[in-house]
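K.L.:
Please find work32.csv (CSV, C-alpha atoms) on the next line:
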chain,number,residue,atom,x,y,z
P,1,MET,CA,5.4,-29.5,29.6
P,2,GLN,CA,5.9,-27.5,26.4
P,3,ASP,CA,7.2,-23.9,26.8
P,4,LEU,CA,4.3,-21.6,26.3
P,5,SER,CA,6.3,-18.4,25.7
P,6,GLY,CA,5.1,-18.4,22.2
P,7,LEU,CA,8.5,-17.9,20.6
P,8,ALA,CA,8.4,-21.5,19.6
P,9,ARG,CA,12.2,-21.6,18.9
P,10,LYS,CA,15.3,-21.8,21.0
P,11,GLU,CA,16.5,-18.4,20.1
P,12,ILE,CA,14.6,-15.1,20.1
P,13,MET,CA,15.1,-13.3,16.9
P,14,SER,CA,13.2,-10.8,14.8
P,15,PRO,CA,12.2,-11.9,11.4
P,16,THR,CA,14.0,-10.3,8.4
P,17,LEU,CA,12.7,-9.1,5.1
P,18,THR,CA,14.0,-12.4,3.7
P,19,ASP,CA,11.8,-14.3,6.2
P,20,ILE,CA,8.8,-12.3,5.1
P,21,GLN,CA,9.6,-12.9,1.4
P,22,GLN,CA,9.9,-16.7,2.1
P,23,ALA,CA,6.6,-16.6,4.0
P,24,ARG,CA,4.9,-15.1,1.0
P,25,GLU,CA,6.1,-18.0,-1.2
P,26,ARG,CA,5.1,-20.5,1.5
P,27,ILE,CA,1.5,-19.2,1.9
P,28,LYS,CA,0.9,-18.3,-1.8
P,29,PRO,CA,-0.9,-21.5,-2.6
P,30,TYR,CA,-3.3,-20.9,0.3
P,31,ALA,CA,-3.8,-17.2,1.0
P,32,HIS,CA,-5.5,-14.6,-1.1
P,33,ARG,CA,-3.6,-11.6,-2.5
P,34,THR,CA,-6.1,-9.0,-1.3
P,35,PRO,CA,-7.0,-6.0,-3.3
P,36,VAL,CA,-6.2,-2.3,-2.6
P,37,PHE,CA,-9.1,0.0,-2.9
P,38,THR,CA,-9.5,3.8,-2.8
P,39,ASN,CA,-12.6,5.9,-2.0
P,40,GLU,CA,-12.9,9.5,-3.0
P,41,SER,CA,-15.4,10.3,-0.2
P,42,LEU,CA,-12.9,9.1,2.4
P,43,ASN,CA,-10.1,11.0,0.7
P,44,LYS,CA,-12.1,14.2,0.8
P,45,HIS,CA,-13.2,13.7,4.4
P,46,VAL,CA,-9.6,13.2,5.7
P,47,ASN,CA,-7.8,15.4,3.2
P,48,THR,CA,-5.4,12.5,2.3
P,49,GLN,CA,-5.0,10.0,-0.5
P,50,VAL,CA,-5.8,6.7,1.2
P,51,TYR,CA,-5.1,3.2,-0.1
P,52,LEU,CA,-7.1,0.5,1.7
P,53,LYS,CA,-5.4,-2.9,1.8
P,54,CYS,CA,-8.5,-5.1,2.3
P,55,GLU,CA,-7.5,-7.9,4.6
P,56,ASN,CA,-11.2,-8.2,5.5
P,57,LEU,CA,-11.3,-10.1,2.2
P,58,GLN,CA,-8.5,-12.5,3.3
P,59,LYS,CA,-9.5,-16.1,4.1
P,60,VAL,CA,-11.2,-16.2,7.5
P,61,GLY,CA,-11.9,-12.5,7.0
P,62,ALA,CA,-8.7,-11.2,8.5
P,63,PHE,CA,-4.9,-10.8,8.1
P,64,LYS,CA,-4.4,-13.4,10.8
P,65,PHE,CA,-4.6,-16.2,8.2
P,66,ARG,CA,-1.2,-15.1,6.8
P,67,GLY,CA,0.7,-15.6,10.0
P,68,ALA,CA,-1.1,-18.8,11.0
P,69,CYS,CA,-0.7,-20.3,7.6
P,70,ASN,CA,3.0,-19.5,7.6
P,71,ALA,CA,3.4,-21.0,11.0
P,72,VAL,CA,1.5,-24.2,10.2
P,73,PHE,CA,3.3,-24.8,7.0
P,74,SER,CA,6.7,-24.1,8.6
P,75,LEU,CA,6.3,-27.1,10.9
P,76,ASN,CA,8.2,-30.3,10.1
P,77,ASP,CA,6.2,-33.5,9.7
P,78,GLU,CA,6.9,-34.6,13.2
P,79,GLU,CA,5.7,-31.4,14.7
P,80,ALA,CA,2.7,-31.2,12.5
P,81,ALA,CA,1.6,-34.7,13.4
P,82,ARG,CA,1.0,-33.4,17.0
P,83,GLY,CA,-1.4,-30.7,15.8
P,84,VAL,CA,-1.3,-27.0,16.8
P,85,CYS,CA,-3.0,-25.0,19.6
P,86,THR,CA,-3.5,-21.4,20.6
P,87,HIS,CA,-5.5,-19.1,22.7
P,88,SER,CA,-7.4,-16.4,20.8
P,89,SER,CA,-10.6,-14.3,21.0
P,90,GLY,CA,-11.4,-15.1,17.4
P,91,ASN,CA,-9.5,-14.2,14.3
P,92,HIS,CA,-6.2,-16.0,15.1
P,93,ALA,CA,-8.3,-18.9,16.3
P,94,GLN,CA,-10.2,-19.1,13.0
P,95,ALA,CA,-6.9,-18.7,11.0
P,96,LEU,CA,-5.1,-21.4,12.8
P,97,ALA,CA,-8.0,-23.8,12.6
P,98,LEU,CA,-8.3,-23.3,8.8
P,99,ALA,CA,-4.6,-23.5,8.2
P,100,ALA,CA,-4.4,-26.7,10.2
P,101,ARG,CA,-7.3,-28.2,8.3
P,102,MET,CA,-5.5,-27.4,5.0
P,103,ARG,CA,-2.5,-29.3,6.3
P,104,GLY,CA,-4.7,-32.1,7.6
P,105,ILE,CA,-3.8,-31.8,11.3
P,106,PRO,CA,-5.8,-31.0,14.4
P,107,ALA,CA,-6.2,-27.5,15.9
P,108,TYR,CA,-7.0,-27.1,19.6
P,109,ILE,CA,-8.3,-23.6,20.3
P,110,VAL,CA,-8.7,-22.0,23.7
P,111,MET,CA,-11.3,-19.1,23.5
P,112,PRO,CA,-12.7,-16.8,26.2
P,113,SER,CA,-16.3,-17.4,26.9
P,114,ASN,CA,-17.2,-13.9,25.8
P,115,ALA,CA,-15.7,-14.1,22.3
P,116,PRO,CA,-18.1,-12.9,19.6
P,117,GLN,CA,-20.5,-15.7,18.6
P,118,VAL,CA,-19.6,-15.2,14.9
P,119,LYS,CA,-16.0,-16.0,15.7
P,120,LYS,CA,-16.9,-19.1,17.8
P,121,ASP,CA,-19.1,-20.4,15.0
P,122,ALA,CA,-16.3,-19.8,12.4
P,123,VAL,CA,-13.7,-21.7,14.5
P,124,ARG,CA,-16.1,-24.7,14.6
P,125,ASP,CA,-16.8,-24.4,10.9
P,126,TYR,CA,-13.0,-24.8,10.3
P,127,ASP,CA,-12.9,-27.9,12.5
P,128,GLY,CA,-11.2,-26.3,15.4
P,129,GLN,CA,-11.6,-28.1,18.7
P,130,ILE,CA,-12.6,-25.3,21.2
P,131,THR,CA,-12.0,-25.2,24.9
P,132,PHE,CA,-13.7,-22.2,26.6
P,133,CYS,CA,-12.1,-20.3,29.5
P,134,ALA,CA,-12.7,-17.2,31.6
P,135,PRO,CA,-12.0,-13.9,29.7
P,136,THR,CA,-8.6,-13.2,31.3
P,137,LEU,CA,-5.1,-13.7,30.1
P,138,GLU,CA,-4.3,-15.9,33.1
P,139,ALA,CA,-7.3,-18.2,32.4
P,140,ARG,CA,-6.3,-18.4,28.7
P,141,GLU,CA,-2.7,-19.4,29.5
P,142,ALA,CA,-3.7,-21.9,32.3
P,143,THR,CA,-6.2,-23.6,30.1
P,144,LEU,CA,-3.8,-23.7,27.2
P,145,ALA,CA,-1.2,-25.3,29.4
P,146,LYS,CA,-3.6,-28.1,30.1
P,147,VAL,CA,-4.4,-28.6,26.4
P,148,VAL,CA,-0.7,-28.8,25.5
P,149,GLU,CA,-0.1,-31.3,28.3
P,150,GLU,CA,-3.0,-33.5,27.1
P,151,THR,CA,-2.4,-33.3,23.4
P,152,GLY,CA,1.3,-32.5,22.9
P,153,SER,CA,0.3,-30.0,20.3
P,154,VAL,CA,2.6,-27.1,19.1
P,155,PHE,CA,1.7,-23.7,20.5
P,156,VAL,CA,1.3,-21.0,17.8
P,157,HIS,CA,1.1,-17.7,19.6
P,158,PRO,CA,-1.3,-15.1,18.2
P,159,HIS,CA,1.5,-12.5,17.7
P,160,ASN,CA,4.7,-13.3,19.7
P,161,ASP,CA,6.1,-15.8,17.2
P,162,GLU,CA,8.6,-14.8,14.4
P,163,ARG,CA,6.8,-17.1,11.9
P,164,VAL,CA,3.5,-15.4,12.6
P,165,ILE,CA,5.1,-11.9,12.4
P,166,ALA,CA,6.7,-12.9,9.1
P,167,GLY,CA,3.4,-14.1,7.7
P,168,GLN,CA,1.7,-10.9,8.7
P,169,GLY,CA,4.4,-8.8,7.0
P,170,THR,CA,3.4,-10.3,3.6
P,171,ALA,CA,0.4,-7.9,3.5
P,172,ALA,CA,2.8,-4.9,3.4
P,173,LEU,CA,4.8,-6.5,0.7
P,174,GLU,CA,1.8,-6.7,-1.5
P,175,LEU,CA,0.6,-3.2,-0.6
P,176,LEU,CA,4.0,-1.7,-1.6
P,177,GLU,CA,4.1,-3.6,-4.8
P,178,ASP,CA,0.7,-2.1,-5.7
P,179,VAL,CA,1.4,1.4,-4.4
P,180,PRO,CA,5.2,1.8,-4.2
P,181,ASP,CA,5.2,5.5,-3.5
P,182,LEU,CA,3.4,5.4,-0.2
P,183,ASP,CA,4.5,8.0,2.4
P,184,VAL,CA,2.8,6.3,5.4
P,185,ILE,CA,1.4,3.0,6.4
P,186,ILE,CA,-1.1,2.7,9.2
P,187,THR,CA,-2.2,-0.5,11.0
P,188,PRO,CA,-4.1,-1.1,14.2
P,189,VAL,CA,-2.1,-2.5,17.1
P,190,GLY,CA,-3.1,-5.1,19.7
P,191,GLY,CA,-0.4,-7.6,20.3
P,192,GLY,CA,1.7,-6.1,17.6
P,193,GLY,CA,2.1,-9.0,15.1
P,194,LEU,CA,0.7,-7.1,12.2
P,195,LEU,CA,2.4,-3.9,13.1
P,196,SER,CA,5.8,-5.6,13.5
P,197,GLY,CA,5.6,-7.5,10.3
P,198,THR,CA,4.4,-4.4,8.4
P,199,ALA,CA,7.2,-2.3,9.9
P,200,ILE,CA,10.0,-4.7,9.0
P,201,ALA,CA,8.7,-5.2,5.4
P,202,ALA,CA,8.0,-1.5,4.8
P,203,TYR,CA,11.2,-0.1,6.2
P,204,GLU,CA,13.4,-2.6,4.4
P,205,ILE,CA,11.6,-2.0,1.1
P,206,LYS,CA,11.3,1.8,1.3
P,207,LYS,CA,13.7,3.6,3.6
P,208,GLY,CA,12.1,6.7,5.1
P,209,ILE,CA,8.5,5.5,5.0
P,210,HIS,CA,6.6,6.4,8.1
P,211,LEU,CA,4.9,3.7,10.3
P,212,VAL,CA,2.0,4.7,12.4
P,213,ALA,CA,-0.4,2.6,14.5
P,214,GLY,CA,-3.9,3.2,15.8
P,215,GLU,CA,-5.0,2.0,19.2
P,216,PRO,CA,-8.3,2.4,21.1
P,217,GLU,CA,-8.1,5.1,23.9
P,218,MET,CA,-9.8,2.5,26.2
P,219,ALA,CA,-7.1,-0.1,25.5
P,220,ASP,CA,-3.9,2.1,25.1
P,221,ASP,CA,-1.2,-0.2,26.5
P,222,ALA,CA,0.9,-0.1,23.3
P,223,PHE,CA,0.7,3.7,23.4
P,224,ARG,CA,1.9,3.7,27.0
P,225,SER,CA,4.5,1.1,26.3
P,226,LEU,CA,6.1,3.0,23.5
P,227,LYS,CA,6.1,6.2,25.6
P,228,SER,CA,7.6,4.5,28.7
P,229,GLY,CA,10.1,2.3,26.9
P,230,THR,CA,8.9,-0.9,28.6
P,231,ILE,CA,5.9,-3.2,28.1
P,232,MET,CA,2.9,-1.9,30.0
P,233,PRO,CA,0.3,-4.7,30.3
P,234,SER,CA,-3.3,-4.1,29.2
P,235,VAL,CA,-5.4,-3.6,32.3
P,236,ASN,CA,-9.1,-4.0,32.1
P,237,PRO,CA,-9.4,-2.7,28.5
P,238,LYS,CA,-13.0,-1.7,27.5
P,239,THR,CA,-13.3,-1.2,23.8
P,240,ILE,CA,-15.6,-2.2,21.0
P,241,ALA,CA,-12.4,-3.2,19.1
P,242,ASP,CA,-12.3,-6.7,20.6
P,243,GLY,CA,-9.4,-7.8,18.5
P,244,LEU,CA,-7.1,-5.3,20.1
P,245,LEU,CA,-7.3,-6.3,23.8
P,246,THR,CA,-4.0,-8.1,24.1
P,247,SER,CA,-0.7,-6.6,25.2
P,248,LEU,CA,2.5,-6.3,23.2
P,249,GLY,CA,4.9,-9.3,23.4
P,250,THR,CA,8.6,-9.6,24.1
P,251,LEU,CA,9.2,-10.1,20.4
P,252,THR,CA,6.9,-7.5,19.0
P,253,PHE,CA,7.7,-4.7,21.3
P,254,PRO,CA,11.4,-4.3,20.4
P,255,ILE,CA,10.5,-4.3,16.7
P,256,ILE,CA,7.8,-1.6,17.3
P,257,ARG,CA,10.3,0.5,19.3
P,258,GLN,CA,12.8,0.3,16.5
P,259,TYR,CA,10.6,1.1,13.5
P,260,VAL,CA,7.3,2.7,14.5
P,261,GLU,CA,7.1,6.4,14.6
P,262,GLN,CA,3.9,6.9,16.5
P,263,ILE,CA,1.0,5.2,18.1
P,264,VAL,CA,-2.2,7.3,17.9
P,265,THR,CA,-5.1,6.6,20.3
P,266,VAL,CA,-8.7,6.7,18.9
P,267,SER,CA,-11.9,7.3,20.8
P,268,GLU,CA,-14.7,4.8,20.8
P,269,GLU,CA,-16.8,7.4,19.0
P,270,GLY,CA,-14.2,7.7,16.4
P,271,ILE,CA,-13.9,3.9,15.9
P,272,ILE,CA,-17.7,3.6,15.4
P,273,ALA,CA,-18.0,6.6,13.1
P,274,SER,CA,-15.1,5.4,11.0
P,275,MET,CA,-16.5,1.9,10.7
P,276,LYS,CA,-19.9,3.2,9.7
P,277,PHE,CA,-18.5,5.6,7.1
P,278,ILE,CA,-16.5,2.8,5.5
P,279,TRP,CA,-19.5,0.5,5.4
P,280,GLU,CA,-21.8,3.2,4.0
P,281,ARG,CA,-19.5,5.1,1.6
P,282,ALA,CA,-16.8,2.6,0.6
P,283,LYS,CA,-19.1,-0.4,0.7
P,284,ILE,CA,-16.5,-2.4,2.6
P,285,VAL,CA,-17.4,-4.4,5.7
P,286,ILE,CA,-14.8,-4.0,8.4
P,287,GLU,CA,-14.8,-4.8,12.0
P,288,PRO,CA,-14.1,-2.3,14.8
P,289,SER,CA,-10.4,-3.3,15.1
P,290,ALA,CA,-9.9,-2.4,11.5
P,291,ALA,CA,-11.8,0.9,11.9
P,292,VAL,CA,-9.2,1.9,14.5
P,293,ALA,CA,-6.7,2.4,11.7
P,294,ILE,CA,-9.2,4.6,9.8
P,295,GLY,CA,-9.8,6.4,13.0
P,296,VAL,CA,-6.3,7.8,13.1
P,297,LEU,CA,-7.2,9.7,9.9
P,298,TRP,CA,-10.7,10.4,11.0
P,299,GLU,CA,-9.9,12.2,14.2
P,300,GLY,CA,-7.0,14.1,12.7
P,301,LYS,CA,-4.7,13.9,15.7
P,302,ILE,CA,-1.7,13.9,13.3
P,303,ASP,CA,-1.3,15.9,10.1
P,304,LEU,CA,-1.1,13.6,7.1
P,305,ALA,CA,-2.7,16.1,4.7
P,306,GLY,CA,-1.5,15.6,1.1
P,307,LEU,CA,0.4,12.4,1.8
P,308,LYS,CA,-0.2,9.0,0.3
P,309,VAL,CA,-1.3,6.8,3.1
P,310,GLY,CA,-1.8,3.0,3.0
P,311,VAL,CA,-4.1,1.6,5.6
P,312,ILE,CA,-4.3,-2.1,6.3
P,313,LEU,CA,-7.9,-3.0,7.1
P,314,SER,CA,-7.2,-5.9,9.4
P,315,GLY,CA,-10.5,-7.8,9.3
P,316,GLY,CA,-14.2,-7.9,8.6
P,317,ASN,CA,-15.6,-10.3,11.1
P,318,VAL,CA,-18.6,-8.6,12.6
P,319,ASP,CA,-21.5,-9.9,14.8
P,320,LEU,CA,-24.4,-8.5,12.7
P,321,ASP,CA,-26.7,-8.9,15.7
P,322,ASN,CA,-24.6,-6.4,17.7
P,323,LEU,CA,-23.7,-3.6,15.3
P,324,PRO,CA,-22.6,-0.5,17.3
P,325,TRP,CA,-25.0,1.9,15.5
P,326,ARG,CA,-28.2,-0.2,15.9
Would you write out, as structure tokens, the structure that this file holds?

P.N.:
Amino acid sequence: MQDLSGLARKEIMSPTLTDIQQARERIKPYAHRTPVFTNESLNKHVNTQVYLKCENLQKVGAFKFRGACNAVFSLNDEEAARGVCTHSSGNHAQALALAARMRGIPAYIVMPSNAPQVKKDAVRDYDGQITFCAPTLEAREATLAKVVEETGSVFVHPHNDERVIAGQGTAALELLEDVPDLDVIITPVGGGGLLSGTAIAAYEIKKGIHLVAGEPEMADDAFRSLKSGTIMPSVNPKTIADGLLTSLGTLTFPIIRQYVEQIVTVSEEGIIASMKFIWERAKIVIEPSAAVAIGVLWEGKIDLAGLKVGVILSGGNVDLDNLPWR
């Protein structure tokens, strides 16, 4: 049976800035270069100059397409012919399905039964072949193992894969090209793929830049992991930010320990208020997981007044029938 560690290579290694730059060239024909917006109402409210990197406008509505696309187009022809597979609650599933369709190969997706309907529908629209499982990590991994055994497909982990991390880091490359004098970059953190890629790219391009992550208070395993110095698994997380329910990986955690200055937890009320404000005042549709990064500024737990802060809005896939303020 294929190794499901998600590292997908014989040696464990962190991606480098060169890997991220190569990923950018690899995905350039397929991925959007997303815009950077500012909003004076937000700046005034948080007393900070904020630059919003709008990955909600990326293909599949999330940054996840970058990493999935890089992984799929990194495969040699023999690997690609077997197809790809993953387990995901939504955005990575959509991203891998679309990237696979672009390369003309199958994508086998294991999704928890309670994944948002909008994300289930999108995976099907991108020709992903879905197998549902119970909403636990154990069920995901056991179901995926069966899929790999039956199909021989190549596992592309949602975050614990250097090709995925390198792809996610391309958003930070673009952000720093557009706003080279940033003082801080904030991303949300779940499994840590976006944060890891961002941290490597940002630190190597601009020494001294500060890397901060936002995480739901009700799913604070990354915060606890950074504090303890060891990976603390996510236990019964309960948050509206459904994209941030996974734990850090063996590849992402060391990168985060090396580069990330602080993980800030955000209340459920702060997530919802931030999300609603961005919808109403900036006219940008973001999902709760993206709002967590805004929540770092919103709740003011760290002093960023007067600084230039880049925020990567991770996605915009929202179930409109279940908006949190309805």

K.L.:
Give the answer as one residue: which of P:Ala107, P:Val72, P:Ala241, P:Ala99 has the shortest atom-to-atom distance to Thr151 (chain P), using all atoms listed in the file?

P.N.:
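Among the listed residues, P:Ala107 lies closest to Thr151 (chain P).
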
K.L.:
Restricting the calculation to all atoms listed in the file: of P:Pro233, P:Ile286, P:Pro324, P:Asn317, which residue gets closest to Glu268 (chain P)?

P.N.:
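Going through P:Pro233, P:Ile286, P:Pro324, P:Asn317 one by one, the smallest distance to Glu268 (chain P) is for P:Pro324.
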
K.L.:
How many Å lie between CA of Pro237 (chain P) and CA of Pro216 (chain P), rounded to one decimal?

P.N.:
9.1 Å

K.L.:
From the options P:Cys133, P:Arg163, P:Lys301, P:Gln117, which residue's atoms come nearest to Asp321 (chain P), counting only C-alpha atoms?

P.N.:
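Under the stated criterion, the closest residue is P:Gln117.
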
K.L.:
At what distance in Å, to one decimal, does CA of Asp303 (chain P) lie from CA of Arg224 (chain P)?

P.N.:
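Computing it gives 21.1 Å between the two atoms.
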
K.L.:
Pick out the residues sitting within 8 Å of region 193-203 of chain P, and hand them over as a compact mmCIF listing (two decimals) with C-alpha atoms, in the coordinates of the input; count only C-alpha atoms, and ignore anything fewer than 6 positions along from it in its own chain.

P.N.:
# COMPACT_ATOMS: atom_id res chain seq x y z
CA PRO P 15 12.20 -11.90 11.40
CA THR P 16 14.00 -10.30 8.40
CA LEU P 17 12.70 -9.10 5.10
CA ILE P 20 8.80 -12.30 5.10
CA PHE P 63 -4.90 -10.80 8.10
CA PRO P 158 -1.30 -15.10 18.20
CA HIS P 159 1.50 -12.50 17.70
CA ASN P 160 4.70 -13.30 19.70
CA VAL P 164 3.50 -15.40 12.60
CA ILE P 165 5.10 -11.90 12.40
CA ALA P 166 6.70 -12.90 9.10
CA GLY P 167 3.40 -14.10 7.70
CA GLN P 168 1.70 -10.90 8.70
CA GLY P 169 4.40 -8.80 7.00
CA THR P 170 3.40 -10.30 3.60
CA ALA P 171 0.40 -7.90 3.50
CA ALA P 172 2.80 -4.90 3.40
CA LEU P 173 4.80 -6.50 0.70
CA LEU P 176 4.00 -1.70 -1.60
CA THR P 187 -2.20 -0.50 11.00
CA ILE P 209 8.50 5.50 5.00
CA LEU P 211 4.90 3.70 10.30
CA ALA P 213 -0.40 2.60 14.50
CA THR P 252 6.90 -7.50 19.00
CA ILE P 255 10.50 -4.30 16.70
CA ILE P 256 7.80 -1.60 17.30
CA TYR P 259 10.60 1.10 13.50
CA VAL P 260 7.30 2.70 14.50

K.L.:
Restricting the calculation to all atoms listed in the file, which member of P:Ile302, P:Ala80, P:Val118, P:Met102 is positioned closest to Glu261 (chain P)?

P.N.:
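The closest residue to Glu261 (chain P) is P:Ile302.
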
K.L.:
From (5.1, -18.4, 13.6), in the file's coordinates, out to 7 Å: which residues are reached, counting all atoms listed in the file? Answer as a list in words.

P.N.:
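Output of the proximity query reads Gly67, Ala68, Asn70, Ala71, Val156, Asp161, Glu162, Arg163, Val164 and Ile165 of chain P.
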
K.L.:
Here is a test: counting only C-alpha atoms, which residue of P:Tyr126, P:Trp279, P:Phe73, P:Trp325 is nearest to Ile109 (chain P)?

P.N.:
P:Tyr126

K.L.:
So what do you get for CA of Ala291 (chain P) versus CA of Ile271 (chain P), distance-wise?

P.N.:
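Separation of CA of Ala291 (chain P) and CA of Ile271 (chain P): 5.4 Å.
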
K.L.:
Could you tell me which of P:Lys120, P:Arg101, P:His87, P:Arg26 comes closest to Ser74 (chain P) if we count only C-alpha atoms?

P.N.:
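Using only C-alpha atoms, Ser74 (chain P) sits closest to P:Arg26.
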
K.L.:
For region 287-289 of chain P, please output as a PyMOL selection string all residues within 8 Å (counting only C-alpha atoms; exclusion window: fewer than 6 positions along the same chain).

P.N.:
chain P and resi 188+240-244+271-272+275+314-318

K.L.:
With all atoms listed in the file counted, which protein, DNA or RNA residues have an atom no more than 7 Å from (-4.4, -29.7, 22.2) in the file frame? Please answer as a PyMOL selection string.

P.N.:
chain P and resi 84-85+107-108+147-148+150-153

K.L.:
Do a neighbour search on Phe223 (chain P) at 9 Å with all atoms listed in the file, toss out local chain neighbours closer than 2 positions, and write the hits as a ChimeraX atom specification.

P.N.:
/P:214-215,217,219-221,225-228,232,262-265
